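Colleague: I have a structure I would like to understand better, so I am pasting it below and will then ask my questions one at a time.
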Amino acid sequence: MFSVFVFFLTVGLIILFSSLFVVKQQMSYIIERFGKFHKVANPGLNFKVPFVDKIAKKVPLRIMQLDSIVETKTQDNVFVTIPVSVQYMVANVVDSYYRLADPERQIQSYVYDRVRTSLAKLNLDDAFSSKDQIASDVEATLSESMAAYGFTIVNTLVTDINPDPNVRASMNAINAAQREREAAISLAEAEKIKIVKQAEADAEYKRLQGEGVAAQRKAIVDGLAEQYELLRKAGIGQEAQEMLLLTQYFDTLQEVAKSSNTQTLMLPSNPGGLEAVMNEMRSSLFASVRSANQDPNGGFGYPKVSRKS
């Protein structure tokens, strides 16, 4: 009698424990009764009828990610591979199980179709700058299509666009050539500005130097004229001319000797040579004076001179 009691107690405990089950957080269980949908068991302690109800599917409610690699070609016939990541979650537990047998393959089919349609309208350069637009197009298509099957698309990411290695190398070469061209143009512009500024500086230097030399010569001529006039008034005529010429001659020799580039100075080798130089200078001065006397405006400002016999 006791053994029968223990038997029924044991069977009762087994049935009791088999009828109780726990659903974890972020999970839902689909319960079927005799093969037909009965209810959805939510997180916590749940009860089912032993040998009548069964757990048909454990559905996760967390966000899931599906990674796909799409191989297609662009409008300019360049083959590329595009990794696409789709983040999705179950919104309707019943529809997600009974209406769609393989949600991952379905999502991949929509991804392939949408990416290939979008890339066919873009060339390679535009595709790189339109990754976000491609991802938005894929997400919009998936959201509209998968909502009927009880899924919500959280986010769609186009992580990269990978052309053929030869195409990538060509693109890098083109970019390098463009950057070298821009660098060469910038260097040429800088050199042009440098040359123009240097030319402007040289022109300004020469202008100022010419004004200085002109002012210097004018001052020398005015001084010579003033000294000659003073000597002439003092009764020194021909001797004044010779004195001024000799002074100018020695001043010239002094200036030449001060030049750092002057290594040799040519002088007459005898006293008669110096007298010949003086005669030549005097003749040149008299020729200049005669020309100035013939000028109605007085020439360069030299006083008119008449030689005494």
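Residue numbering restarts at 1 for every chain of the structure tokens, chains are lettered A, B, ... in their displayed order, and ligands are numbered from 1 as they appear.
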Would you tabulate, counting only C-alpha atoms, all residues of stretch 90-186 of chain A that have an atom at most 12 Å from an atom of stretch 23-35 of chain A, showing the closest pair of atoms and their distance in Å to one decimal, sorted by chain then ascending number, as a Markdown table?
Modeller:
```
| residue | atom | partner | partner_atom | distance |
| --- | --- | --- | --- | --- |
| A:Val90 | CA | A:Ser28 | CA | 10.1 |
| A:Ala91 | CA | A:Ser28 | CA | 11.2 |
| A:Asn92 | CA | A:Ser28 | CA | 10.4 |
| A:Val93 | CA | A:Ser28 | CA | 7.4 |
| A:Val94 | CA | A:Ile30 | CA | 7.4 |
| A:Asp95 | CA | A:Ile30 | CA | 10.9 |
| A:Ser96 | CA | A:Ile30 | CA | 10.7 |
| A:Tyr97 | CA | A:Ile30 | CA | 8.6 |
| A:Tyr98 | CA | A:Ile30 | CA | 10.2 |
```
Colleague: Determine which residues of stretch 33-137 of chain A DSSP labels as helix (DSSP H, G or I) from the backbone of this structure, then write them out as an MDAnalysis selection string.
Modeller: chainID A and resid 93:98 103:119 124:129 131:137
Colleague: Identify, on the basis of only C-alpha atoms, every residue whose closest approach to A:Phe79 does not exceed 12 Å; exclude the query and any residue fewer than 4 positions from it along the same chain; express the result as a ChimeraX atom specification.
Modeller: /A:70-75,116,119-120,123-124,127,161-168
Colleague: Next, dump the selected residues to file, keeping only all heavy atoms, as a compact mmCIF listing (two decimals), in the first residue's frame.
Modeller:
```txt
# COMPACT_ATOMS: atom_id res chain seq x y z
N VAL A 70 27.31 41.67 -50.13
CA VAL A 70 26.64 41.79 -51.43
C VAL A 70 27.68 42.09 -52.50
O VAL A 70 28.46 43.04 -52.37
CB VAL A 70 25.58 42.91 -51.40
CG1 VAL A 70 24.84 42.96 -52.72
CG2 VAL A 70 24.61 42.70 -50.25
N GLU A 71 27.70 41.27 -53.54
CA GLU A 71 28.60 41.51 -54.68
C GLU A 71 27.76 42.00 -55.85
O GLU A 71 26.82 41.32 -56.30
CB GLU A 71 29.35 40.24 -55.05
CG GLU A 71 30.36 40.45 -56.18
CD GLU A 71 31.18 39.22 -56.47
OE1 GLU A 71 30.99 38.20 -55.77
OE2 GLU A 71 32.01 39.26 -57.40
N THR A 72 28.10 43.16 -56.36
CA THR A 72 27.34 43.75 -57.46
C THR A 72 28.26 44.65 -58.26
O THR A 72 29.47 44.73 -57.98
CB THR A 72 26.13 44.54 -56.91
OG1 THR A 72 25.37 45.05 -58.01
CG2 THR A 72 26.58 45.69 -56.04
N LYS A 73 27.71 45.36 -59.25
CA LYS A 73 28.51 46.28 -60.04
C LYS A 73 27.82 47.63 -60.12
O LYS A 73 26.59 47.74 -60.00
CB LYS A 73 28.77 45.74 -61.44
CG LYS A 73 27.56 45.68 -62.35
CD LYS A 73 27.96 45.23 -63.74
CE LYS A 73 26.76 45.21 -64.69
NZ LYS A 73 27.16 44.85 -66.06
N THR A 74 28.62 48.65 -60.34
CA THR A 74 28.12 50.02 -60.38
C THR A 74 27.69 50.38 -61.80
O THR A 74 27.80 49.57 -62.73
CB THR A 74 29.20 51.00 -59.90
OG1 THR A 74 30.34 50.89 -60.76
CG2 THR A 74 29.63 50.67 -58.48
N GLN A 75 27.25 51.61 -61.96
CA GLN A 75 26.79 52.07 -63.28
C GLN A 75 27.93 52.09 -64.30
O GLN A 75 27.69 51.88 -65.49
CB GLN A 75 26.19 53.47 -63.14
CG GLN A 75 25.51 53.99 -64.40
CD GLN A 75 24.90 55.36 -64.21
OE1 GLN A 75 25.36 56.13 -63.37
NE2 GLN A 75 23.87 55.68 -64.95
N ARG A 116 21.64 46.08 -54.93
CA ARG A 116 21.96 45.98 -56.36
C ARG A 116 21.17 47.01 -57.17
O ARG A 116 21.68 47.57 -58.14
CB ARG A 116 21.67 44.58 -56.85
CG ARG A 116 22.71 43.57 -56.38
CD ARG A 116 22.28 42.14 -56.60
NE ARG A 116 23.33 41.22 -56.15
CZ ARG A 116 23.15 39.92 -55.95
NH1 ARG A 116 21.96 39.38 -56.18
NH2 ARG A 116 24.16 39.16 -55.55
N LEU A 119 22.97 50.48 -56.40
CA LEU A 119 24.31 50.62 -57.00
C LEU A 119 24.25 50.71 -58.52
O LEU A 119 25.14 51.30 -59.13
CB LEU A 119 25.18 49.44 -56.59
CG LEU A 119 26.12 49.66 -55.39
CD1 LEU A 119 27.19 50.68 -55.76
CD2 LEU A 119 25.37 50.10 -54.18
N ALA A 120 23.23 50.15 -59.13
CA ALA A 120 23.14 50.20 -60.58
C ALA A 120 22.92 51.62 -61.09
O ALA A 120 23.16 51.89 -62.27
CB ALA A 120 22.01 49.30 -61.06
N ASN A 123 27.78 55.62 -60.17
CA ASN A 123 29.14 55.22 -60.54
C ASN A 123 29.96 55.02 -59.27
O ASN A 123 29.48 55.26 -58.16
CB ASN A 123 29.79 56.24 -61.48
CG ASN A 123 29.83 57.63 -60.88
OD1 ASN A 123 30.06 57.80 -59.69
ND2 ASN A 123 29.62 58.64 -61.71
N LEU A 124 31.19 54.58 -59.44
CA LEU A 124 31.99 54.19 -58.28
C LEU A 124 32.25 55.36 -57.34
O LEU A 124 32.13 55.23 -56.12
CB LEU A 124 33.31 53.57 -58.74
CG LEU A 124 34.22 53.02 -57.63
CD1 LEU A 124 33.52 51.95 -56.83
CD2 LEU A 124 35.52 52.49 -58.22
N ALA A 127 29.20 56.20 -55.41
CA ALA A 127 28.83 55.15 -54.45
C ALA A 127 29.53 55.35 -53.11
O ALA A 127 28.94 55.13 -52.05
CB ALA A 127 29.18 53.78 -55.04
N ILE A 161 32.65 49.91 -48.97
CA ILE A 161 32.49 49.56 -50.38
C ILE A 161 33.87 49.15 -50.88
O ILE A 161 34.80 49.96 -50.90
CB ILE A 161 31.92 50.74 -51.20
CG1 ILE A 161 30.52 51.08 -50.72
CG2 ILE A 161 31.92 50.40 -52.69
CD1 ILE A 161 29.89 52.25 -51.46
N ASN A 162 34.00 47.89 -51.28
CA ASN A 162 35.31 47.35 -51.64
C ASN A 162 35.34 47.00 -53.12
O ASN A 162 34.77 45.98 -53.54
CB ASN A 162 35.61 46.09 -50.81
CG ASN A 162 35.64 46.38 -49.32
OD1 ASN A 162 36.23 47.35 -48.89
ND2 ASN A 162 34.99 45.52 -48.54
N PRO A 163 35.99 47.85 -53.93
CA PRO A 163 36.16 47.49 -55.35
C PRO A 163 37.28 46.46 -55.51
O PRO A 163 37.97 46.10 -54.54
CB PRO A 163 36.52 48.82 -56.00
CG PRO A 163 37.18 49.60 -54.92
CD PRO A 163 36.53 49.18 -53.62
N ASP A 164 37.48 46.03 -56.74
CA ASP A 164 38.56 45.11 -57.05
C ASP A 164 39.90 45.75 -56.68
O ASP A 164 40.07 46.96 -56.81
CB ASP A 164 38.52 44.78 -58.55
CG ASP A 164 39.57 43.77 -58.94
OD1 ASP A 164 39.32 42.57 -58.77
OD2 ASP A 164 40.65 44.19 -59.40
N PRO A 165 40.86 44.96 -56.19
CA PRO A 165 42.17 45.54 -55.80
C PRO A 165 42.84 46.35 -56.91
O PRO A 165 43.46 47.38 -56.63
CB PRO A 165 43.00 44.32 -55.42
CG PRO A 165 41.99 43.29 -54.99
CD PRO A 165 40.79 43.53 -55.86
N ASN A 166 42.72 45.91 -58.17
CA ASN A 166 43.30 46.68 -59.27
C ASN A 166 42.63 48.04 -59.42
O ASN A 166 43.28 49.06 -59.68
CB ASN A 166 43.21 45.89 -60.57
CG ASN A 166 44.05 44.62 -60.55
OD1 ASN A 166 45.08 44.58 -59.87
ND2 ASN A 166 43.62 43.60 -61.26
N VAL A 167 41.30 48.05 -59.26
CA VAL A 167 40.57 49.32 -59.35
C VAL A 167 40.95 50.23 -58.20
O VAL A 167 41.12 51.45 -58.36
CB VAL A 167 39.05 49.05 -59.35
CG1 VAL A 167 38.27 50.36 -59.35
CG2 VAL A 167 38.66 48.21 -60.56
N ARG A 168 41.09 49.65 -57.00
CA ARG A 168 41.49 50.46 -55.85
C ARG A 168 42.87 51.07 -56.06
O ARG A 168 43.11 52.24 -55.73
CB ARG A 168 41.49 49.59 -54.59
CG ARG A 168 41.75 50.34 -53.30
CD ARG A 168 41.80 49.36 -52.13
NE ARG A 168 40.52 48.77 -51.88
CZ ARG A 168 39.64 49.27 -51.02
NH1 ARG A 168 39.92 50.38 -50.35
NH2 ARG A 168 38.49 48.67 -50.81
```
Colleague: Rank nothing, just name the residue among A:Thr81, A:Gln198, A:Thr117, A:Gln65 nearest to A:Asn155, using only C-alpha atoms.
Modeller: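 Answer, going by the shortest atom-to-atom distance: A:Gln65.
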Colleague: What does the distance between atom CA of A:Asn46 and atom CA of A:Met89 come to in Å, to one decimal place?
Modeller: 23.4 Å
Colleague: One decimal, in Å: what's the spacing between atom CA of A:Ile195 and atom CA of A:Gly210?
Modeller: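 Computed distance, atom CA of A:Ile195 to atom CA of A:Gly210, equals 22.1 Å.
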Colleague: Out of A:Gln106, A:Ser130, A:Thr159, A:Ser136, which residue has the shortest atom-to-atom distance to A:Ile69 when counting only C-alpha atoms?
Modeller: A:Thr159
Colleague: Let me make sure I understand: among A:Ala169, A:Leu100, A:Leu122, A:Leu61, which one has the smallest atom-to-atom distance to A:Asp76 if we use only C-alpha atoms?
Modeller: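 Ranked by minimum distance to A:Asp76, first place goes to A:Leu122.
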Colleague: Please extract the residues of stretch 151-184 of chain A with a backbone DSSP assignment of strand (DSSP E or B) and present them as JSON, numbers by chain.
Modeller: {"A": [151, 152, 153, 154, 155, 156, 157, 158, 162, 163]}
Colleague: Tell me which of A:Val22, A:Ala148, A:Ala225, A:Leu208 sits closest to A:Gly44, counting only C-alpha atoms.
Modeller: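 Among the listed residues, the smallest separation from A:Gly44 belongs to A:Val22.
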Colleague: Would you pick out the contacts of A:Thr156 at 6 Å or less, using only C-alpha atoms, so that residues sharing its chain but fewer than 3 positions from it are not included, and give the list as a compact mmCIF listing (two decimals) with all heavy atoms, in the first residue's frame?
Modeller:
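Dumped to out-v9.txt:
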```
# COMPACT_ATOMS: atom_id res chain seq x y z
N SER A 85 25.14 45.37 -42.67
CA SER A 85 24.71 44.84 -41.37
C SER A 85 23.30 45.35 -41.08
O SER A 85 23.05 46.57 -41.11
CB SER A 85 25.67 45.29 -40.26
OG SER A 85 26.97 44.80 -40.50
N VAL A 86 22.39 44.39 -40.80
CA VAL A 86 20.99 44.73 -40.50
C VAL A 86 20.70 44.35 -39.06
O VAL A 86 20.88 43.18 -38.66
CB VAL A 86 20.02 44.00 -41.45
CG1 VAL A 86 18.58 44.34 -41.10
CG2 VAL A 86 20.32 44.36 -42.89
N ALA A 135 22.18 52.80 -47.37
CA ALA A 135 21.71 52.20 -46.12
C ALA A 135 20.27 52.62 -45.82
O ALA A 135 19.45 51.81 -45.37
CB ALA A 135 22.64 52.59 -44.98
N GLU A 139 17.07 50.13 -45.48
CA GLU A 139 16.28 50.13 -44.25
C GLU A 139 14.81 50.41 -44.53
O GLU A 139 13.91 49.78 -43.93
CB GLU A 139 16.84 51.17 -43.28
CG GLU A 139 16.13 51.20 -41.94
CD GLU A 139 16.78 52.15 -40.96
OE1 GLU A 139 17.94 52.56 -41.21
OE2 GLU A 139 16.14 52.47 -39.94
```
Colleague: Atom CA of A:Arg179 and atom CA of A:Glu191 are how many Å apart?
Modeller: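 Spanning atom CA of A:Arg179 to atom CA of A:Glu191 is a straight-line distance of 18.3 Å.
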Colleague: Out of A:Asp126, A:Asp132, A:Asp160, A:Asp137, which residue has the shortest atom-to-atom distance to A:Tyr110 when counting only C-alpha atoms?
Modeller: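 Of A:Asp126, A:Asp132, A:Asp160, A:Asp137, the one nearest A:Tyr110, counting only C-alpha atoms, is A:Asp137.
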